[in-house]
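J.: I have a structure I would like to understand better, so I am pasting it below and will then ask my questions one at a time.
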Amino acid sequence: MNTMVLPKARGAGAAATHGWLAETLLAQRGHLLLWVPICLSFGIGGWFALRVEPGAGFYWACGLGALALLLAGLFSGETHAPLFRALALVLCGALLAGARAHSVSAPVLGFRYYGPIEGRIVAIDRSASDKPRLTLDRVVLEDMRPERVPEHVRVSLHGEQGHVTPEPGLTVILTGHLSPPNGPVEPGGFDFRRLAWFDGLGAVGYTRTPVLALASPEDGQAGLAVFRIRRAISGLMQTRIPGPAGAFAAAILTGDRSGMPRGAVEDLRGSNMAHLLAISGLHMGLLTGVVYGALRTVLALIPWLALRYPIRKFAAIGALVTAAGYLALSGGAVSTQRAFVMVAVMLVGVLLERRAVSLRSVAIAATILLVIRPEALFGPGFQMSFAATTALVVVFGLVRDHRDRLWRAPRWLSPVLAVLISSAVAGAATAPFSAAHFNRIADYGLLANLLSVPVMGTVVMPAAVAAAVLWPIGLSGLALTAMRLGLEWILLVANTVAGLDGAVRHVMMPGPSVLPCLTFGALWLVVCRGPVRWLGVVGILSAAALWAVAERPAILIADTGSLIGVMGPEGRVLSKPKGDGFSAGSWLENDGDPVDQATAATRPGLSVDGGGRQISLDGLSVRHLTGRAVTQDLGVRCGPGIIVINKTPDTMPAGPCRVLDPIALRKTGAVAIWQTPDGPRVVTAADLSGRRLWSH
């Protein structure tokens, strides 16, 4: 009897499951637009995760597969059509990423170059070491065919300079070092080569000799009009507003941060206010909000105009034009493009008489950005801005929908509560992304933002608009004074908060699956409708668990072979106090270890023998030959389970050990060695990065 009932029971169970799935999918009707950027992100992320550059067959398969899925969706009925469309969007995301990567293809320097460098200045900024830095186009390198020369190179200026004043369009010549953009400082770390590929940067380097002018700026100013205006405004701001406040004003108006003192930048980061320095959604939103409100107020004061025409739409058009001008003035950085798209979508919503701020507008903005710049998906700015915007829309939507059940604050207190809620929600939403990318959490960031963001919105940005309006008639002085006072207050808050005990907490870099798991879980919780939405909590908790058990490599080896870092009893100990500073600093940051290289070099954990250093793990011995050890240890035992690091490959003995010399490290990149229950596991940067367009 049981054998007769079992198939029926199974059939009933399958029917119930199918019915539940159909009901869940139908519950998403009216919200499917929100899934478009999510599905595109899966395809983009999948394309970037490939270890081998796909060929034409891959793109043909994706294109035909997307078309087939869309056609299948037309005949699958209302219930299942969204699934086919979602899969088609995933394939479209992969196509977008591939098309973008190939469209920006440009020559990349394939070797280390030293000699004369000629080019036109198209960008001026400062390096991480606070040195002036020039980006050049129209590059000429000695004894290189033009088709092999990178379209853009970036050179940091060291040594004695001052023979010329860098300005847009100036053609210069110098003698310097150039090399291809560097790969990750550790396997799975940030890959600068990929960023440089999409920025069109084919080589980076430095010079210690004076930069000389080869042709006047007027000869090379074609196409650089906006850049010249930016530099002029930046110079005026720093002249009219002295000190760090002037450099701050130049940064938020033109994107030029070259004048910002390094200490002030560190204070802003330590107080979680670095977002005030970059032209982002906050600045674009504040500026367009001020312009929109001012235009609408002025137009409302003209009765015949206010009664006959839609002044809201006129104000929105004016704000949109202002946002476009601000985008051009800022130099069109990725963060500013993202902010412009988000603001533009909301202002177009006003023109179309739709709700300006909603999850739909956020989804449209994200979709546009992913179509234009798929690589932005991995940038901290993209992730943090959309995390903050989505969280704010959701929370204030809940407040609006449940207003009758909530305590009604007095009218005078409402703006204060709005700022408090906005800062708390945005801070909570961006905190995990900030910690993952920058390895730090500003514990007093909420306090700092509460004291600063209102000043930016009510004093600094309105004063900037007033200064621009009054500048032609010579009455901008009062507005600039107000702007200076506001910026000085923000800098004072940053310095005070960053100086508090325990202001910054350092955290370990998460594993590669943490942020995707966290993001998808949070989006599932926000976007899904019905009880199934609570499955998003599982994703969030899984991400937290993965981060909590994350471990760091026992040994790290720089791609130069001249620096190693070993996890010792007091933290990572480095093999030398100076040199390879970027790798050393990045390793310590990723460890969540707030010490400098010199301190880390004094820790116990490395045994020194005759100029060489030796580390032993269960089943593996690593010998780092330096100085006299290169010649003294020619007879070092070279057998299985031994890794020898040597910068002089000609002096290495033969044997079955693994040799990491400059030639081998150029192929593998940085190396990490993990201590696992099954023994040491060696992973190279090339193992994780694969062979992609930017890694050749």
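In the structure tokens, the first chain shown is A, the next is B, and so on; residue numbers restart at 1 for each chain, and ligands run from 1 in the order shown.
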Residues near A:Val265, anyone? I mean within 12 Å using only C-alpha atoms, not counting same-chain ones fewer than 6 positions away, as an mmCIF file with C-alpha atoms, in the first residue's frame.
T.:
```cif
data_model
loop_
_atom_site.group_PDB
_atom_site.id
_atom_site.type_symbol
_atom_site.label_atom_id
_atom_site.label_comp_id
_atom_site.auth_asym_id
_atom_site.auth_seq_id
_atom_site.Cartn_x
_atom_site.Cartn_y
_atom_site.Cartn_z
ATOM 1 C CA ALA A 128 50.416 58.789 -1.497
ATOM 2 C CA ASP A 130 52.572 63.660 -0.834
ATOM 3 C CA PRO A 244 43.933 74.280 4.776
ATOM 4 C CA ALA A 245 40.414 75.719 4.454
ATOM 5 C CA ALA A 247 42.680 73.779 -0.111
ATOM 6 C CA PHE A 248 39.494 72.176 1.250
ATOM 7 C CA ALA A 251 38.826 70.127 -3.329
ATOM 8 C CA ARG A 257 43.125 67.906 -3.585
ATOM 9 C CA SER A 258 46.782 68.595 -4.311
ATOM 10 C CA GLY A 259 46.899 71.431 -1.770
ATOM 11 C CA SER A 271 36.885 60.884 11.991
ATOM 12 C CA ASN A 272 34.995 59.147 9.149
ATOM 13 C CA MET A 273 34.613 62.415 7.269
ATOM 14 C CA ALA A 274 36.794 61.691 4.233
ATOM 15 C CA HIS A 275 33.599 61.641 2.154
ATOM 16 C CA LEU A 276 33.400 65.417 2.665
ATOM 17 C CA LEU A 277 36.663 65.802 0.766
ATOM 18 C CA ALA A 278 35.714 63.868 -2.369
ATOM 19 C CA ILE A 490 34.784 71.024 9.874
ATOM 20 C CA LEU A 491 38.571 70.736 10.006
ATOM 21 C CA ALA A 494 37.984 66.339 12.340
ATOM 22 C CA ASN A 495 41.173 67.149 14.222
ATOM 23 C CA ALA A 498 40.498 61.983 15.317
#
```
J.: I need the residues of stretch 496-688 of chain A that end up classed as strand (DSSP E or B) by DSSP on the backbone, written out as a ChimeraX atom specification.
T.: /A:504-506,555-557,564-568,571-574,607-609,612-617,620-625,642-646,658-660,671-676,679-684
J.: Taking the DSSP secondary structure from the backbone, can you list the residues of stretch 251-281 of chain A that are alpha helix (DSSP H), as a PyMOL selection string?
T.: chain A and resi 251-254+262-270+281
J.: Excluding A:Ile364 and residues on its chain fewer than 4 positions from it, collect all residues at most 10 Å away from it, counting only C-alpha atoms, and give them as a PyMOL selection string.
T.: chain A and resi 33-34+36-37+341-342+345-346+359-360+368-370
J.: Which is closest to A:Gly159 among A:Ser695, A:Ser586, A:Thr135, A:Thr209, if we use only C-alpha atoms?
T.: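 Closest candidate: A:Thr209.
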J.: Which residues are close to A:Leu157, i.e. within 10 Å by only C-alpha atoms, leaving aside same-chain residues fewer than 4 positions away? Reply as a VMD selection string.
T.: chain A and resid 126 to 127 130 to 134 161 174 176 205 to 211
J.: Take the residues just selected and output them with N, CA, C and O atoms as an mmCIF file, in the first residue's frame.
T.:
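Done, and the output landed in selection23.cif:
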```
data_model
loop_
_atom_site.group_PDB
_atom_site.id
_atom_site.type_symbol
_atom_site.label_atom_id
_atom_site.label_comp_id
_atom_site.auth_asym_id
_atom_site.auth_seq_id
_atom_site.Cartn_x
_atom_site.Cartn_y
_atom_site.Cartn_z
ATOM 1 N N ARG A 126 48.662 64.696 -6.267
ATOM 2 C CA ARG A 126 49.736 64.311 -5.362
ATOM 3 C C ARG A 126 49.680 62.815 -5.119
ATOM 4 O O ARG A 126 48.602 62.216 -5.091
ATOM 5 N N SER A 127 50.852 62.234 -4.917
ATOM 6 C CA SER A 127 50.951 60.801 -4.674
ATOM 7 C C SER A 127 50.658 60.500 -3.211
ATOM 8 O O SER A 127 50.471 61.405 -2.391
ATOM 9 N N ASP A 130 52.754 62.217 -0.834
ATOM 10 C CA ASP A 130 52.572 63.660 -0.834
ATOM 11 C C ASP A 130 53.521 64.377 -1.807
ATOM 12 O O ASP A 130 53.826 65.553 -1.633
ATOM 13 N N LYS A 131 53.968 63.694 -2.851
ATOM 14 C CA LYS A 131 54.800 64.305 -3.872
ATOM 15 C C LYS A 131 53.922 64.785 -5.028
ATOM 16 O O LYS A 131 52.921 64.148 -5.355
ATOM 17 N N PRO A 132 54.294 65.917 -5.676
ATOM 18 C CA PRO A 132 53.541 66.336 -6.865
ATOM 19 C C PRO A 132 53.592 65.243 -7.929
ATOM 20 O O PRO A 132 54.604 64.550 -8.083
ATOM 21 N N ARG A 133 52.507 65.112 -8.672
ATOM 22 C CA ARG A 133 52.428 64.034 -9.656
ATOM 23 C C ARG A 133 51.762 64.553 -10.918
ATOM 24 O O ARG A 133 50.737 65.231 -10.861
ATOM 25 N N LEU A 134 52.359 64.238 -12.061
ATOM 26 C CA LEU A 134 51.868 64.697 -13.352
ATOM 27 C C LEU A 134 51.381 63.512 -14.167
ATOM 28 O O LEU A 134 52.044 62.471 -14.225
ATOM 29 N N GLN A 161 62.890 70.548 -7.649
ATOM 30 C CA GLN A 161 62.093 70.981 -8.795
ATOM 31 C C GLN A 161 61.994 72.514 -8.758
ATOM 32 O O GLN A 161 62.749 73.168 -8.047
ATOM 33 N N LEU A 174 61.556 65.297 -19.296
ATOM 34 C CA LEU A 174 62.257 64.946 -18.070
ATOM 35 C C LEU A 174 62.943 63.604 -18.277
ATOM 36 O O LEU A 174 62.674 62.876 -19.242
ATOM 37 N N GLY A 176 63.364 60.057 -16.414
ATOM 38 C CA GLY A 176 62.749 59.356 -15.301
ATOM 39 C C GLY A 176 62.658 57.861 -15.507
ATOM 40 O O GLY A 176 63.043 57.319 -16.548
ATOM 41 N N GLY A 205 55.682 56.014 -12.788
ATOM 42 C CA GLY A 205 57.094 56.113 -12.433
ATOM 43 C C GLY A 205 57.406 57.377 -11.673
ATOM 44 O O GLY A 205 56.514 58.018 -11.094
ATOM 45 N N TYR A 206 58.666 57.768 -11.713
ATOM 46 C CA TYR A 206 59.114 58.928 -10.956
ATOM 47 C C TYR A 206 60.348 59.510 -11.628
ATOM 48 O O TYR A 206 61.004 58.875 -12.475
ATOM 49 N N THR A 207 60.661 60.731 -11.230
ATOM 50 C CA THR A 207 61.894 61.372 -11.676
ATOM 51 C C THR A 207 62.547 62.064 -10.489
ATOM 52 O O THR A 207 61.854 62.569 -9.600
ATOM 53 N N ARG A 208 63.854 62.070 -10.483
ATOM 54 C CA ARG A 208 64.623 62.820 -9.485
ATOM 55 C C ARG A 208 65.357 63.987 -10.126
ATOM 56 O O ARG A 208 66.153 64.654 -9.470
ATOM 57 N N THR A 209 65.116 64.209 -11.390
ATOM 58 C CA THR A 209 65.756 65.316 -12.109
ATOM 59 C C THR A 209 64.727 66.397 -12.384
ATOM 60 O O THR A 209 63.519 66.128 -12.388
ATOM 61 N N PRO A 210 65.154 67.627 -12.614
ATOM 62 C CA PRO A 210 64.205 68.713 -12.839
ATOM 63 C C PRO A 210 63.354 68.495 -14.094
ATOM 64 O O PRO A 210 63.825 67.959 -15.105
ATOM 65 N N VAL A 211 62.102 68.906 -14.001
ATOM 66 C CA VAL A 211 61.198 68.885 -15.151
ATOM 67 C C VAL A 211 61.397 70.183 -15.926
ATOM 68 O O VAL A 211 61.402 71.274 -15.346
#
```
J.: As an MDAnalysis selection string, please: the residues near A:Gly110 (cut-off 12 Å, only C-alpha atoms, same-chain neighbours under 3 positions excluded).
T.: chainID A and resid 107 113 144 148:150 178:182 202:204 666 694:696
J.: Set the distance at 7 Å and use only C-alpha atoms: which residues neighbour A:Leu660 once local chain neighbours fewer than 3 positions away are removed? I'd like the list as a short mmCIF file (atom, residue, chain, number, x, y, z; two decimals) with C-alpha atoms, in the first residue's frame.
T.:
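Final file, selection_19.cif:
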```cif
data_model
loop_
_atom_site.label_atom_id
_atom_site.label_comp_id
_atom_site.auth_asym_id
_atom_site.auth_seq_id
_atom_site.Cartn_x
_atom_site.Cartn_y
_atom_site.Cartn_z
CA VAL A 644 64.68 30.15 -1.47
CA ILE A 645 64.12 33.87 -2.10
CA ASN A 646 67.04 35.52 -3.84
CA ALA A 664 60.14 33.99 -11.21
CA LEU A 665 58.48 36.74 -9.16
#
```
J.: Could you work out how far atom CA of A:Leu478 lies from atom CA of A:Gly281, giving the answer in Å with one decimal?
T.: 26.7 Å
J.: What does the distance between atom CA of A:Val108 and atom CA of A:Trp197 come to in Å, to one decimal place?
T.: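 Separation between atom CA of A:Val108 and atom CA of A:Trp197: 8.3 Å.
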J.: Which residues, written as a list in words, have at least one atom at most 6 Å from stretch 557-574 of chain A, with only C-alpha atoms counted and residues fewer than 2 positions away on the same chain left out?
T.: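 Selected residues are Ala554, Ile555, Lys576, Ala600, Ala601, Arg603, Gly605, Leu665, Gly669, Ala670 and Val671 of chain A.
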J.: Store the residues picked out above, limited to all heavy atoms, as a PDB file, in the first residue's frame.
T.:
```pdb
ATOM      1  N   ALA A 554      50.470  33.221   6.835  1.00  0.00           N
ATOM      2  CA  ALA A 554      51.580  33.111   7.776  1.00  0.00           C
ATOM      3  C   ALA A 554      52.813  33.832   7.259  1.00  0.00           C
ATOM      4  O   ALA A 554      53.570  34.419   8.027  1.00  0.00           O
ATOM      5  CB  ALA A 554      51.901  31.636   8.032  1.00  0.00           C
ATOM      6  N   ILE A 555      53.024  33.800   5.942  1.00  0.00           N
ATOM      7  CA  ILE A 555      54.189  34.443   5.325  1.00  0.00           C
ATOM      8  C   ILE A 555      53.731  35.177   4.071  1.00  0.00           C
ATOM      9  O   ILE A 555      52.934  34.648   3.287  1.00  0.00           O
ATOM     10  CB  ILE A 555      55.280  33.410   4.952  1.00  0.00           C
ATOM     11  CG1 ILE A 555      55.735  32.628   6.185  1.00  0.00           C
ATOM     12  CG2 ILE A 555      56.460  34.088   4.284  1.00  0.00           C
ATOM     13  CD1 ILE A 555      56.701  31.496   5.860  1.00  0.00           C
ATOM     14  N   LYS A 576      62.757  44.105   6.949  1.00  0.00           N
ATOM     15  CA  LYS A 576      63.602  45.299   6.956  1.00  0.00           C
ATOM     16  C   LYS A 576      62.770  46.510   7.342  1.00  0.00           C
ATOM     17  O   LYS A 576      61.562  46.567   7.089  1.00  0.00           O
ATOM     18  CB  LYS A 576      64.266  45.504   5.597  1.00  0.00           C
ATOM     19  CG  LYS A 576      63.302  45.648   4.425  1.00  0.00           C
ATOM     20  CD  LYS A 576      64.077  45.810   3.122  1.00  0.00           C
ATOM     21  CE  LYS A 576      63.137  46.018   1.942  1.00  0.00           C
ATOM     22  NZ  LYS A 576      63.875  46.187   0.666  1.00  0.00           N
ATOM     23  N   ALA A 600      57.427  47.227  13.026  1.00  0.00           N
ATOM     24  CA  ALA A 600      57.181  45.826  12.678  1.00  0.00           C
ATOM     25  C   ALA A 600      58.485  45.070  12.430  1.00  0.00           C
ATOM     26  O   ALA A 600      58.556  43.862  12.633  1.00  0.00           O
ATOM     27  CB  ALA A 600      56.284  45.741  11.449  1.00  0.00           C
ATOM     28  N   ALA A 601      59.526  45.787  11.994  1.00  0.00           N
ATOM     29  CA  ALA A 601      60.808  45.129  11.711  1.00  0.00           C
ATOM     30  C   ALA A 601      61.557  44.734  12.975  1.00  0.00           C
ATOM     31  O   ALA A 601      62.497  43.933  12.911  1.00  0.00           O
ATOM     32  CB  ALA A 601      61.672  46.043  10.856  1.00  0.00           C
ATOM     33  N   ARG A 603      60.104  43.309  15.650  1.00  0.00           N
ATOM     34  CA  ARG A 603      59.405  42.247  16.361  1.00  0.00           C
ATOM     35  C   ARG A 603      60.145  40.918  16.248  1.00  0.00           C
ATOM     36  O   ARG A 603      60.865  40.672  15.292  1.00  0.00           O
ATOM     37  CB  ARG A 603      57.993  42.086  15.790  1.00  0.00           C
ATOM     38  CG  ARG A 603      57.062  43.247  16.096  1.00  0.00           C
ATOM     39  CD  ARG A 603      55.798  43.137  15.278  1.00  0.00           C
ATOM     40  NE  ARG A 603      54.749  44.058  15.740  1.00  0.00           N
ATOM     41  CZ  ARG A 603      53.612  44.283  15.089  1.00  0.00           C
ATOM     42  NH1 ARG A 603      53.386  43.668  13.941  1.00  0.00           N
ATOM     43  NH2 ARG A 603      52.722  45.128  15.575  1.00  0.00           N
ATOM     44  N   GLY A 605      60.473  36.861  15.542  1.00  0.00           N
ATOM     45  CA  GLY A 605      59.803  35.936  14.631  1.00  0.00           C
ATOM     46  C   GLY A 605      60.638  35.529  13.447  1.00  0.00           C
ATOM     47  O   GLY A 605      60.284  34.590  12.737  1.00  0.00           O
ATOM     48  N   LEU A 665      59.458  35.882  -9.814  1.00  0.00           N
ATOM     49  CA  LEU A 665      58.476  36.745  -9.160  1.00  0.00           C
ATOM     50  C   LEU A 665      57.764  37.650 -10.154  1.00  0.00           C
ATOM     51  O   LEU A 665      56.627  38.063  -9.912  1.00  0.00           O
ATOM     52  CB  LEU A 665      59.156  37.577  -8.073  1.00  0.00           C
ATOM     53  CG  LEU A 665      59.543  36.795  -6.809  1.00  0.00           C
ATOM     54  CD1 LEU A 665      60.441  37.621  -5.908  1.00  0.00           C
ATOM     55  CD2 LEU A 665      58.291  36.364  -6.055  1.00  0.00           C
ATOM     56  N   GLY A 669      54.145  37.227  -9.291  1.00  0.00           N
ATOM     57  CA  GLY A 669      53.722  38.313  -8.441  1.00  0.00           C
ATOM     58  C   GLY A 669      53.976  37.980  -6.983  1.00  0.00           C
ATOM     59  O   GLY A 669      54.741  37.058  -6.652  1.00  0.00           O
ATOM     60  N   ALA A 670      53.332  38.731  -6.090  1.00  0.00           N
ATOM     61  CA  ALA A 670      53.513  38.497  -4.661  1.00  0.00           C
ATOM     62  C   ALA A 670      53.069  37.081  -4.290  1.00  0.00           C
ATOM     63  O   ALA A 670      52.226  36.479  -4.958  1.00  0.00           O
ATOM     64  CB  ALA A 670      52.734  39.530  -3.853  1.00  0.00           C
ATOM     65  N   VAL A 671      53.650  36.574  -3.203  1.00  0.00           N
ATOM     66  CA  VAL A 671      53.397  35.192  -2.779  1.00  0.00           C
ATOM     67  C   VAL A 671      52.900  35.195  -1.335  1.00  0.00           C
ATOM     68  O   VAL A 671      53.410  35.951  -0.494  1.00  0.00           O
ATOM     69  CB  VAL A 671      54.672  34.335  -2.897  1.00  0.00           C
ATOM     70  CG1 VAL A 671      54.421  32.910  -2.423  1.00  0.00           C
ATOM     71  CG2 VAL A 671      55.186  34.327  -4.334  1.00  0.00           C
TER      72      VAL A 671
END
```
J.: Pick from A:Glu589, A:Glu167, A:Glu266, A:Asp661: nearest to A:Val122, with only C-alpha atoms counted?
T.: A:Glu167
